[in-house]
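The data block below is structure_18.cif; it holds mmCIF, C-alpha atoms.
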```
data_work
loop_
_atom_site.label_atom_id
_atom_site.label_comp_id
_atom_site.auth_asym_id
_atom_site.auth_seq_id
_atom_site.Cartn_x
_atom_site.Cartn_y
_atom_site.Cartn_z
CA MET Y 1 -21.01 -83.22 11.66
CA ARG Y 2 -18.86 -85.67 13.54
CA THR Y 3 -20.55 -88.26 15.77
CA LEU Y 4 -20.49 -87.32 19.45
CA SER Y 5 -18.16 -89.25 21.72
CA VAL Y 6 -19.34 -91.07 24.86
CA ALA Y 7 -17.83 -88.28 26.96
CA SER Y 8 -19.82 -85.68 25.02
CA ILE Y 9 -23.04 -87.63 25.49
CA LEU Y 10 -22.44 -87.72 29.24
CA LEU Y 11 -21.71 -83.99 29.20
CA TYR Y 12 -24.93 -83.46 27.28
CA ALA Y 13 -26.88 -85.29 29.98
CA LEU Y 14 -25.34 -83.12 32.68
CA LEU Y 15 -26.07 -79.92 30.79
CA MET Y 16 -29.68 -80.92 30.27
CA LEU Y 17 -30.07 -80.98 34.05
CA SER Y 18 -29.18 -77.28 34.28
CA PRO Y 19 -32.02 -74.79 33.73
CA LEU Y 20 -29.44 -72.13 32.94
CA GLN Y 21 -28.90 -73.77 29.58
CA LEU Y 22 -32.40 -72.75 28.50
CA ASN Y 23 -31.29 -69.12 28.18
CA VAL Y 24 -27.99 -69.40 26.30
CA ALA Y 25 -27.59 -68.36 22.68
CA LEU Y 26 -25.90 -71.60 21.61
CA SER Y 27 -27.65 -74.92 21.61
CA THR Y 28 -26.46 -77.52 24.07
CA GLU Y 29 -25.23 -79.75 21.27
CA THR Y 30 -23.19 -76.89 19.80
CA GLN Y 31 -21.69 -76.11 23.20
CA MET Y 32 -20.62 -79.72 23.57
CA LEU Y 33 -19.05 -79.79 20.13
CA ILE Y 34 -17.10 -76.63 20.93
CA GLU Y 35 -15.91 -78.02 24.28
CA GLU Y 36 -14.78 -81.24 22.67
CA ALA Y 37 -13.04 -79.42 19.81
CA ASN Y 38 -11.18 -77.20 22.25
CA MET Y 39 -9.65 -80.27 23.85
CA SER Y 40 -7.58 -80.62 20.66
CA GLY Y 41 -6.47 -76.97 20.70
CA PRO Y 42 -5.01 -74.49 20.65
CA TYR Y 43 -5.74 -73.67 17.03
CA LEU Y 44 -4.51 -71.16 14.53
CA GLY Y 45 -7.59 -69.29 13.32
CA LEU Y 46 -7.80 -68.60 9.59
CA VAL Y 47 -10.25 -65.77 8.96
CA ILE Y 48 -11.26 -65.52 5.28
CA PRO Y 49 -13.56 -62.94 3.66
CA ASN Y 50 -15.24 -64.89 0.85
CA SER Y 51 -15.70 -68.34 -0.66
CA TYR Y 52 -13.51 -67.63 -3.69
CA GLU Y 53 -10.66 -66.99 -1.25
CA MET Y 54 -11.45 -69.98 0.99
CA ASP Y 55 -12.10 -72.61 -1.72
CA PRO Y 56 -8.48 -72.77 -3.00
CA LEU Y 57 -7.36 -73.65 0.53
CA LEU Y 58 -10.11 -76.23 1.03
CA GLN Y 59 -9.00 -77.83 -2.26
CA SER Y 60 -5.29 -77.59 -1.49
CA PRO Y 61 -3.38 -80.81 -0.69
CA ASN Y 62 -1.73 -78.81 2.10
CA PHE Y 63 -4.98 -78.67 4.05
CA THR Y 64 -6.13 -81.87 5.73
CA SER Y 65 -9.71 -81.71 6.91
CA SER Y 66 -10.69 -83.46 10.14
CA ASN Y 67 -14.24 -83.75 8.78
CA LEU Y 68 -15.48 -81.71 11.72
CA PHE Y 69 -17.37 -78.47 11.28
CA ILE Y 70 -19.44 -76.53 13.76
CA ASP Y 71 -22.22 -74.19 12.64
CA PHE Y 72 -23.56 -71.33 14.74
CA SER Y 73 -24.43 -67.65 14.41
CA GLY Y 74 -24.60 -67.96 10.64
CA ARG Y 75 -20.98 -69.14 10.37
CA ARG Y 76 -19.35 -72.48 9.69
CA PHE Y 77 -16.12 -73.27 11.56
CA ARG Y 78 -14.10 -75.91 9.70
CA PHE Y 79 -11.37 -77.92 11.43
CA GLY Y 80 -8.21 -79.45 10.01
CA THR Y 81 -4.43 -79.19 9.87
CA ILE Y 82 -1.84 -77.38 7.76
CA ALA Y 83 1.81 -78.40 8.18
CA ASN Y 84 0.68 -80.57 11.14
CA LYS Y 85 -0.71 -77.48 12.84
CA PRO Y 86 -4.36 -77.54 14.00
CA VAL Y 87 -6.37 -74.83 12.25
CA ILE Y 88 -9.93 -73.50 12.17
CA LEU Y 89 -11.18 -71.94 8.95
CA VAL Y 90 -14.08 -69.50 9.00
CA MET Y 91 -15.55 -67.27 6.31
CA THR Y 92 -16.64 -63.78 7.38
CA GLY Y 93 -18.53 -62.39 4.41
CA LEU Y 94 -18.02 -58.93 2.96
CA SER Y 95 -17.30 -55.79 5.00
CA MET Y 96 -15.94 -54.55 8.28
CA ILE Y 97 -18.88 -55.50 10.48
CA ASN Y 98 -19.01 -59.09 9.23
CA ALA Y 99 -15.27 -59.48 9.75
CA ALA Y 100 -15.47 -58.10 13.29
CA ILE Y 101 -18.42 -60.29 14.29
CA THR Y 102 -16.81 -63.44 12.91
CA THR Y 103 -13.43 -62.78 14.49
CA GLN Y 104 -15.02 -62.14 17.87
CA LEU Y 105 -17.06 -65.35 17.63
CA LEU Y 106 -13.91 -67.29 16.80
CA LEU Y 107 -11.94 -65.87 19.72
CA SER Y 108 -14.80 -66.07 22.22
CA GLN Y 109 -15.70 -69.71 21.60
CA PHE Y 110 -12.49 -71.47 20.61
CA ASP Y 111 -8.99 -71.99 21.99
CA ILE Y 112 -7.06 -69.77 19.55
CA GLU Y 113 -3.32 -69.16 19.73
CA GLY Y 114 -3.26 -66.68 16.85
CA VAL Y 115 -5.12 -65.42 13.79
CA VAL Y 116 -4.10 -65.39 10.13
CA HIS Y 117 -6.36 -63.25 7.98
CA TYR Y 118 -5.91 -63.60 4.24
CA GLY Y 119 -7.61 -62.83 0.95
CA VAL Y 120 -7.37 -60.48 -2.00
CA ALA Y 121 -7.23 -56.68 -2.08
CA ARG Y 122 -6.94 -53.65 -4.27
CA HIS Y 123 -3.95 -51.40 -3.74
CA ALA Y 124 -2.47 -47.90 -3.89
CA ASN Y 125 1.28 -48.55 -4.14
CA PRO Y 126 2.69 -47.90 -7.65
CA SER Y 127 5.66 -50.21 -6.99
CA LEU Y 128 3.36 -53.25 -6.64
CA ASN Y 129 1.73 -55.36 -9.34
CA LEU Y 130 -1.29 -57.53 -9.97
CA ALA Y 131 -1.13 -60.92 -8.14
CA ASP Y 132 1.66 -59.75 -5.80
CA VAL Y 133 1.22 -60.76 -2.16
CA VAL Y 134 1.67 -58.07 0.48
CA ILE Y 135 2.10 -58.34 4.25
CA PRO Y 136 1.66 -54.98 6.02
CA GLN Y 137 3.11 -54.27 9.43
CA TYR Y 138 0.28 -51.91 10.40
CA TRP Y 139 -3.45 -51.65 9.65
CA SER Y 140 -5.97 -48.84 10.06
CA HIS Y 141 -9.68 -48.30 9.63
CA SER Y 142 -9.80 -45.20 7.41
CA ALA Y 143 -13.56 -44.59 7.31
CA LEU Y 144 -14.20 -43.37 10.84
CA TRP Y 145 -14.54 -39.63 10.24
CA SER Y 146 -15.48 -36.31 11.71
CA TRP Y 147 -16.93 -34.43 8.74
CA GLN Y 148 -16.37 -30.74 9.36
CA ARG Y 149 -19.11 -28.20 8.74
CA TYR Y 150 -18.73 -25.81 5.84
CA GLY Y 151 -17.05 -22.56 6.86
CA ASN Y 152 -14.72 -24.14 9.44
CA GLY Y 153 -11.11 -24.94 8.67
CA PRO Y 154 -8.08 -26.82 10.03
CA GLU Y 155 -7.61 -24.29 12.82
CA ASP Y 156 -11.16 -24.79 14.12
CA GLU Y 157 -11.89 -27.26 16.89
CA LEU Y 158 -14.07 -30.23 15.94
CA PRO Y 159 -17.32 -30.93 17.78
CA LEU Y 160 -16.63 -32.89 21.00
CA GLU Y 161 -12.87 -32.58 20.45
CA LYS Y 162 -12.27 -31.03 23.84
CA ASP Y 163 -13.87 -34.09 25.47
CA GLY Y 164 -11.46 -36.41 23.68
CA ASP Y 165 -14.09 -37.91 21.39
CA TYR Y 166 -12.55 -36.57 18.20
CA THR Y 167 -9.13 -35.34 17.14
CA ARG Y 168 -7.28 -33.41 14.43
CA GLU Y 169 -4.03 -35.26 15.05
CA ILE Y 170 -4.29 -37.85 12.25
CA GLY Y 171 -5.12 -35.49 9.42
CA TYR Y 172 -7.84 -34.66 6.94
CA LEU Y 173 -9.01 -34.74 3.35
CA ASN Y 174 -9.82 -31.34 1.86
CA VAL Y 175 -12.49 -32.11 -0.73
CA ALA Y 176 -11.93 -28.79 -2.51
CA ASN Y 177 -8.44 -29.96 -3.52
CA TYR Y 178 -10.11 -32.42 -5.90
CA THR Y 179 -12.27 -29.88 -7.71
CA THR Y 180 -11.92 -30.12 -11.51
CA ASN Y 181 -12.29 -27.66 -14.40
CA VAL Y 182 -10.97 -24.75 -12.34
CA THR Y 183 -9.31 -21.85 -14.13
CA ASP Y 184 -5.71 -21.31 -13.04
CA GLY Y 185 -5.43 -18.60 -10.43
CA SER Y 186 -9.10 -18.56 -9.54
CA SER Y 187 -10.26 -19.35 -6.03
CA TYR Y 188 -12.59 -22.27 -5.41
CA ASP Y 189 -14.29 -24.00 -2.53
CA ASN Y 190 -16.49 -27.01 -1.87
CA LEU Y 191 -19.50 -27.39 0.40
CA LEU Y 192 -18.24 -30.85 1.42
CA ASN Y 193 -15.31 -29.12 3.16
CA ASN Y 194 -12.94 -31.32 5.24
CA ILE Y 195 -13.04 -34.94 6.39
CA TRP Y 196 -10.95 -35.67 9.48
CA PHE Y 197 -9.73 -39.23 10.07
CA GLN Y 198 -10.38 -40.63 13.53
CA PRO Y 199 -8.93 -43.45 15.65
CA GLU Y 200 -11.06 -46.31 16.91
CA GLU Y 201 -12.10 -46.60 20.52
CA VAL Y 202 -10.77 -49.87 21.92
CA PHE Y 203 -11.45 -51.66 25.18
CA PRO Y 204 -8.68 -54.24 25.81
CA ILE Y 205 -9.54 -57.29 27.89
CA ASP Y 206 -6.65 -56.47 30.23
CA GLY Y 207 -7.83 -52.89 30.72
CA THR Y 208 -10.44 -51.36 32.97
CA PRO Y 209 -13.98 -52.13 31.76
CA GLU Y 210 -15.59 -49.22 29.89
CA GLU Y 211 -12.32 -47.27 30.01
CA ARG Y 212 -11.57 -46.51 26.38
CA ARG Y 213 -8.29 -46.21 24.59
CA HIS Y 214 -7.70 -45.00 21.05
CA SER Y 215 -5.93 -46.68 18.16
CA PHE Y 216 -5.55 -45.74 14.51
CA TRP Y 217 -2.57 -47.88 13.43
CA VAL Y 218 -2.67 -51.44 14.76
CA ALA Y 219 0.56 -53.44 14.54
CA VAL Y 220 0.56 -57.10 13.57
CA ASP Y 221 2.31 -59.53 15.90
CA PRO Y 222 6.08 -58.85 15.85
CA LEU Y 223 7.03 -62.54 15.77
CA TYR Y 224 4.56 -63.30 12.99
CA TYR Y 225 5.90 -60.35 11.00
CA GLU Y 226 9.48 -61.52 11.50
CA ILE Y 227 8.59 -65.03 10.34
CA SER Y 228 6.83 -63.60 7.28
CA GLN Y 229 10.18 -62.38 5.97
CA LYS Y 230 10.89 -65.98 4.99
CA LEU Y 231 8.06 -65.72 2.45
CA GLU Y 232 9.81 -63.12 0.32
CA ASP Y 233 11.51 -65.78 -1.82
CA LEU Y 234 8.31 -67.75 -2.36
CA GLN Y 235 7.57 -68.48 -6.03
CA LEU Y 236 4.03 -67.41 -6.88
CA GLU Y 237 1.84 -68.21 -9.87
CA ARG Y 238 1.70 -65.84 -12.85
CA CYS Y 239 -0.69 -67.67 -15.20
CA LEU Y 240 -4.45 -68.05 -15.08
CA ASN Y 241 -4.24 -70.88 -17.60
CA SER Y 242 -2.06 -72.10 -20.47
CA THR Y 243 -2.89 -69.04 -22.59
CA THR Y 244 -3.30 -66.17 -20.11
CA CYS Y 245 -0.24 -65.11 -18.13
CA LEU Y 246 0.91 -61.90 -16.52
CA PRO Y 247 3.91 -60.13 -18.10
CA HIS Y 248 5.60 -59.96 -14.70
CA ILE Y 249 6.46 -62.52 -12.02
CA PRO Y 250 4.40 -61.87 -8.86
CA LYS Y 251 6.31 -61.49 -5.62
CA VAL Y 252 5.77 -61.40 -1.86
CA SER Y 253 6.55 -58.06 -0.22
CA ARG Y 254 6.41 -56.92 3.34
CA VAL Y 255 5.08 -53.35 3.37
CA GLU Y 256 4.55 -50.70 6.01
CA ARG Y 257 0.81 -50.12 6.02
CA GLY Y 258 -2.60 -51.25 4.81
CA THR Y 259 -6.03 -49.76 5.37
CA SER Y 260 -9.63 -50.94 5.38
CA ALA Y 261 -13.09 -49.48 4.98
CA SER Y 262 -16.48 -50.81 3.91
CA ILE Y 263 -15.87 -49.22 0.52
CA PHE Y 264 -15.02 -50.94 -2.77
CA LEU Y 265 -12.42 -48.41 -3.90
CA SER Y 266 -12.07 -47.85 -7.64
CA ASN Y 267 -11.41 -44.12 -7.48
CA ALA Y 268 -7.88 -43.12 -8.50
CA ALA Y 269 -7.92 -39.75 -6.75
CA TYR Y 270 -8.88 -41.11 -3.33
CA ARG Y 271 -6.52 -44.05 -3.75
CA SER Y 272 -3.65 -41.65 -4.47
CA PHE Y 273 -4.63 -39.49 -1.51
CA LEU Y 274 -4.48 -42.47 0.84
CA TYR Y 275 -1.09 -43.50 -0.52
CA ASP Y 276 0.37 -39.99 -0.30
CA LYS Y 277 -1.12 -39.26 3.12
CA PHE Y 278 -0.62 -42.59 4.89
CA ASN Y 279 1.78 -44.65 2.71
CA VAL Y 280 -0.68 -47.53 2.48
CA SER Y 281 -0.35 -50.40 0.03
CA PRO Y 282 -3.34 -52.83 0.18
CA LEU Y 283 -6.87 -51.45 0.38
CA ASP Y 284 -9.59 -53.82 1.52
CA MET Y 285 -12.85 -54.12 3.42
CA GLU Y 286 -12.08 -56.45 6.37
CA SER Y 287 -8.49 -56.53 7.65
CA ALA Y 288 -8.66 -53.61 10.06
CA SER Y 289 -11.68 -55.20 11.76
CA VAL Y 290 -9.71 -58.39 12.36
CA ALA Y 291 -6.78 -56.30 13.60
CA LEU Y 292 -8.89 -54.27 16.03
CA VAL Y 293 -10.64 -57.31 17.50
CA CYS Y 294 -7.32 -59.13 17.96
CA LEU Y 295 -5.83 -55.99 19.54
CA GLN Y 296 -8.63 -55.81 22.09
CA GLN Y 297 -8.52 -59.56 22.78
CA ARG Y 298 -4.69 -59.57 22.95
CA VAL Y 299 -4.40 -62.33 20.34
CA PRO Y 300 -1.45 -62.39 17.88
CA PHE Y 301 -2.44 -61.82 14.26
CA ILE Y 302 -1.09 -61.21 10.79
CA VAL Y 303 -2.73 -60.25 7.49
CA ILE Y 304 -1.70 -61.62 4.09
CA ARG Y 305 -3.34 -60.11 1.01
CA ALA Y 306 -2.84 -60.76 -2.71
CA LEU Y 307 -3.52 -57.94 -5.15
CA SER Y 308 -6.44 -58.63 -7.46
CA SER Y 309 -6.04 -55.49 -9.56
CA SER Y 310 -3.52 -53.01 -10.88
CA LEU Y 311 -3.87 -49.36 -9.90
CA SER Y 312 -7.59 -49.06 -10.53
CA GLY Y 313 -9.46 -46.07 -11.78
CA SER Y 314 -6.58 -44.60 -13.79
CA GLY Y 315 -8.50 -44.55 -17.03
CA SER Y 316 -6.55 -47.33 -18.69
CA SER Y 317 -7.52 -50.14 -16.34
CA ASP Y 318 -9.79 -52.92 -17.47
CA PRO Y 319 -13.03 -52.49 -15.45
CA ASN Y 320 -13.34 -56.29 -15.34
CA GLU Y 321 -9.76 -56.77 -14.20
CA ALA Y 322 -10.65 -57.70 -10.60
CA ALA Y 323 -13.06 -60.40 -11.76
CA LYS Y 324 -10.61 -61.67 -14.37
CA PHE Y 325 -7.62 -62.16 -12.09
CA ILE Y 326 -9.26 -62.76 -8.74
CA SER Y 327 -8.74 -66.53 -8.97
CA LEU Y 328 -5.01 -66.06 -9.56
CA ALA Y 329 -4.71 -63.61 -6.68
CA SER Y 330 -6.68 -65.95 -4.41
CA LYS Y 331 -4.39 -68.85 -5.30
CA ASN Y 332 -1.29 -66.78 -4.54
CA SER Y 333 -2.70 -65.66 -1.20
CA VAL Y 334 -3.29 -69.31 -0.25
CA MET Y 335 0.24 -70.25 -1.30
CA ALA Y 336 1.62 -67.53 0.99
CA VAL Y 337 -0.62 -68.54 3.91
CA VAL Y 338 0.39 -72.19 3.68
CA GLU Y 339 4.07 -71.24 3.61
CA PHE Y 340 3.62 -68.87 6.56
CA ILE Y 341 1.98 -71.61 8.63
CA ARG Y 342 4.74 -74.03 7.66
CA GLN Y 343 7.40 -71.54 8.79
CA LEU Y 344 5.49 -70.77 12.00
CA SER Y 345 5.20 -74.47 12.76
CA LEU Y 346 8.93 -74.97 12.18
CA HIS Y 347 9.74 -72.03 14.45
CA GLN Y 348 7.55 -73.37 17.25
CA GLN Y 349 9.09 -76.81 16.94
CA LEU Y 350 12.58 -75.35 17.25
CA ILE Y 351 11.82 -73.39 20.42
CA THR Y 352 10.17 -76.39 22.10
CA HIS Y 353 13.12 -78.73 21.55
#
```
Output the structure of this file as structure tokens.
Amino acid sequence: MRTLSVASILLYALLMLSPLQLNVALSTETQMLIEEANMSGPYLGLVIPNSYEMDPLLQSPNFTSSNLFIDFSGRRFRFGTIANKPVILVMTGLSMINAAITTQLLLSQFDIEGVVHYGVARHANPSLNLADVVIPQYWSHSALWSWQRYGNGPEDELPLEKDGDYTREIGYLNVANYTTNVTDGSSYDNLLNNIWFQPEEVFPIDGTPEERRHSFWVAVDPLYYEISQKLEDLQLERCLNSTTCLPHIPKVSRVERGTSASIFLSNAAYRSFLYDKFNVSPLDMESASVALVCLQQRVPFIVIRALSSSLSGSGSSDPNEAAKFISLASKNSVMAVVEFIRQLSLHQQLITH
């Protein structure tokens, strides 16, 4: 960690005089480091799922570390600049809950002007290819369900629906439609019945406390999405090494929708259902959490994901494909993030002069 300044030492002495500090979750030294770091803000927060997605950025010549990091709550917040823009990097770990906790910690403790979430993902869009980078306009959490009892159908009200807790507006998955080895013309059913997709309850900071709202599709920041159009001509990498290259040239595409759930999805049938039902492209385990936290905190955000697999689960896919090409996808996601930050920095410089 960086050596404390004289001002921080004086602040430390003042804080030590307050008995209230004995009950806070953060140590006094950590609080002082955060306060001092925020004097150099605001920052762009880079929220990253895993180390194999973060390491290419840490090793990139486009990232200049300030040699400051702050550790608390099991996370490490790294400080630096990209394209002369102050940034904080933080790794979330796998899954929706880790992503939500980390994003909330970032926004609660630091002076953040916006969030860029990036990493790799699987996908459902047949027009996309391995190592492509996608930037969706909307994100959803697609694993909040009301699982209907057997014997009830689409015309039957869900439990607690009349109270506004659950809804049939978004749609459902009929498990029986995916029954196999059925003789043509015969009737069939499935005890698993129907799964109804549900919106999240959200509590915006500018709303009334404890007064819920609902959101299924969360839009990224309109300005960030507009700026991301400039990435569509970015030249991405297609080779893992001198002997292993993809047959196609990866590209950056802005797409309509992505979805997240704490599920590693390798099932072709469910992937196709999600694409046909919701027109989603990337499928991951964190982005919707980042989106929902930023929505509630009213912080601009965007998600940039590189595809680490082809359409998985089709029978012809290499089961080790994700592991084989994840380094290439991670590198391409970092290339896109660096270019986005460069374009954002240029835009902000133009409007301030």
**OP:** Compare Y:Lys251, Y:Arg76, Y:His123, Y:Arg305 by their minimum atom-to-atom distance to Glu237 (chain Y), counting all atoms listed in the file, and give me the closest one.
**Re:** Y:Lys251
Original post:
Can you list, as a list of chain:residue names, every protein, DNA or RNA residue that comes within 8 Å of Phe216 (chain Y) when you count all atoms listed in the file, leaving out same-chain residues fewer than 4 positions away?
Top reply: Y:Trp139, Y:Ser140, Y:His141, Y:Gln198, Y:Pro199, Y:Glu200
**OP:** Take the PyMOL selection byres ((chain Y and resi 264) around 9), apply it to the structure above, and return the hits as an MDAnalysis selection string.
**Re:** chainID Y and resid 122 261:263 265:266 283:285
Subject >> Picked residues, the PyMOL selection byres ((chain Y and resi 213) around 10), as number ranges by chain >> reply: Y: 199-204, 207, 210-212, 214-215, 296
What are the closest atom pairs, with distances in Å to one decimal, for all residues of region 230-282 of chain Y lying within 9 Å of region 126-131 of chain Y? Consider all atoms listed in the file, order rows by chain and residue number, and present the result as CSV.
```
residue,atom,partner,partner_atom,distance
Y:Leu236,CA,Y:Ala131,CA,8.4
Y:Glu237,CA,Y:Ala131,CA,8.1
Y:Arg238,CA,Y:Ala131,CA,7.4
Y:Leu246,CA,Y:Leu130,CA,8.2
Y:His248,CA,Y:Asn129,CA,8.1
Y:Ile249,CA,Y:Ala131,CA,8.7
Y:Pro250,CA,Y:Ala131,CA,5.7
Y:Lys251,CA,Y:Ala131,CA,7.9
Y:Ser253,CA,Y:Leu128,CA,8.6
Y:Ser281,CA,Y:Leu128,CA,8.1
```
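Nearest to Ser333 (chain Y) of all the residues Y:Tyr188, Y:Tyr150, Y:Tyr118, Y:Tyr138 is Y:Tyr118, based on all atoms listed in the file.
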Subject >> Residue contacts of Pro56 (chain Y) (8 Å, only C-alpha atoms) excluding same-chain residues fewer than 5 positions away, as a ChimeraX atom specification >> reply: /Y:330-331,334
**OP:** Have a look at CA of Val337 (chain Y) and CA of Ile88 (chain Y) and let me know their distance in Å, one decimal.
**Re:** 13.4 Å
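Taking CA of Ala323 (chain Y) and CA of Pro49 (chain Y) as the two end points, the separation is 15.6 Å.
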**OP:** Compile the contact shell of Leu26 (chain Y) as a PyMOL selection string: residues with an atom at most 12 Å away, counting all atoms listed in the file, same-chain residues fewer than 6 positions apart removed.
**Re:** chain Y and resi 20+32-34+70-74+105+109
Original post:
Separation of CA of Gly151 (chain Y) and CA of Phe278 (chain Y), in Å?
Top reply: 26.0 Å
Subject >> Test item: the PyMOL selection byres ((chain Y and resi 155-170) around 8) resolved as a PyMOL selection string >> reply: chain Y and resi 146+148+152-154+171-172+196-198
**OP:** Would you mind listing what lies within 9 Å of Tyr225 (chain Y) as number ranges by chain, with only C-alpha atoms counted and same-chain residues fewer than 3 positions away left out?
**Re:** Y: 135-137, 220-222, 228-229, 254, 302
**OP:** Point out the residue among Y:Ala124, Y:Leu46, Y:Ala176, Y:Ala100 with the least atom-to-atom distance to Pro86 (chain Y), counting only C-alpha atoms.
**Re:** Y:Leu46
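Nearest residue to Leu68 (chain Y), choosing from Y:Leu292, Y:Leu107, Y:Val303, Y:Val87 and counting only C-alpha atoms: Y:Val87.
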When you look at Phe325 (chain Y) with a cut-off of 8 Å (counting all atoms listed in the file), what residues show up, excluding the ones that are within fewer than 6 positions of it in the same chain? I need them as a compact mmCIF listing (two decimals) with C-alpha atoms, keeping the file's coordinate frame.
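Below you can see part-v7.txt, which holds the result:
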```txt
# COMPACT_ATOMS: atom_id res chain seq x y z
CA ALA Y 131 -1.13 -60.92 -8.14
CA LEU Y 240 -4.45 -68.05 -15.08
CA SER Y 308 -6.44 -58.63 -7.46
CA SER Y 309 -6.04 -55.49 -9.56
```
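Nearest residue to Val47 (chain Y), choosing from Y:Val280, Y:Ile112, Y:Val175, Y:Leu307 and counting all atoms listed in the file: Y:Ile112.
Minimum atom-to-atom distance to Phe273 (chain Y), evaluated using only C-alpha atoms, belongs to Y:Asn174 out of Y:Ser289, Y:Asp132, Y:Ile326, Y:Asn174.
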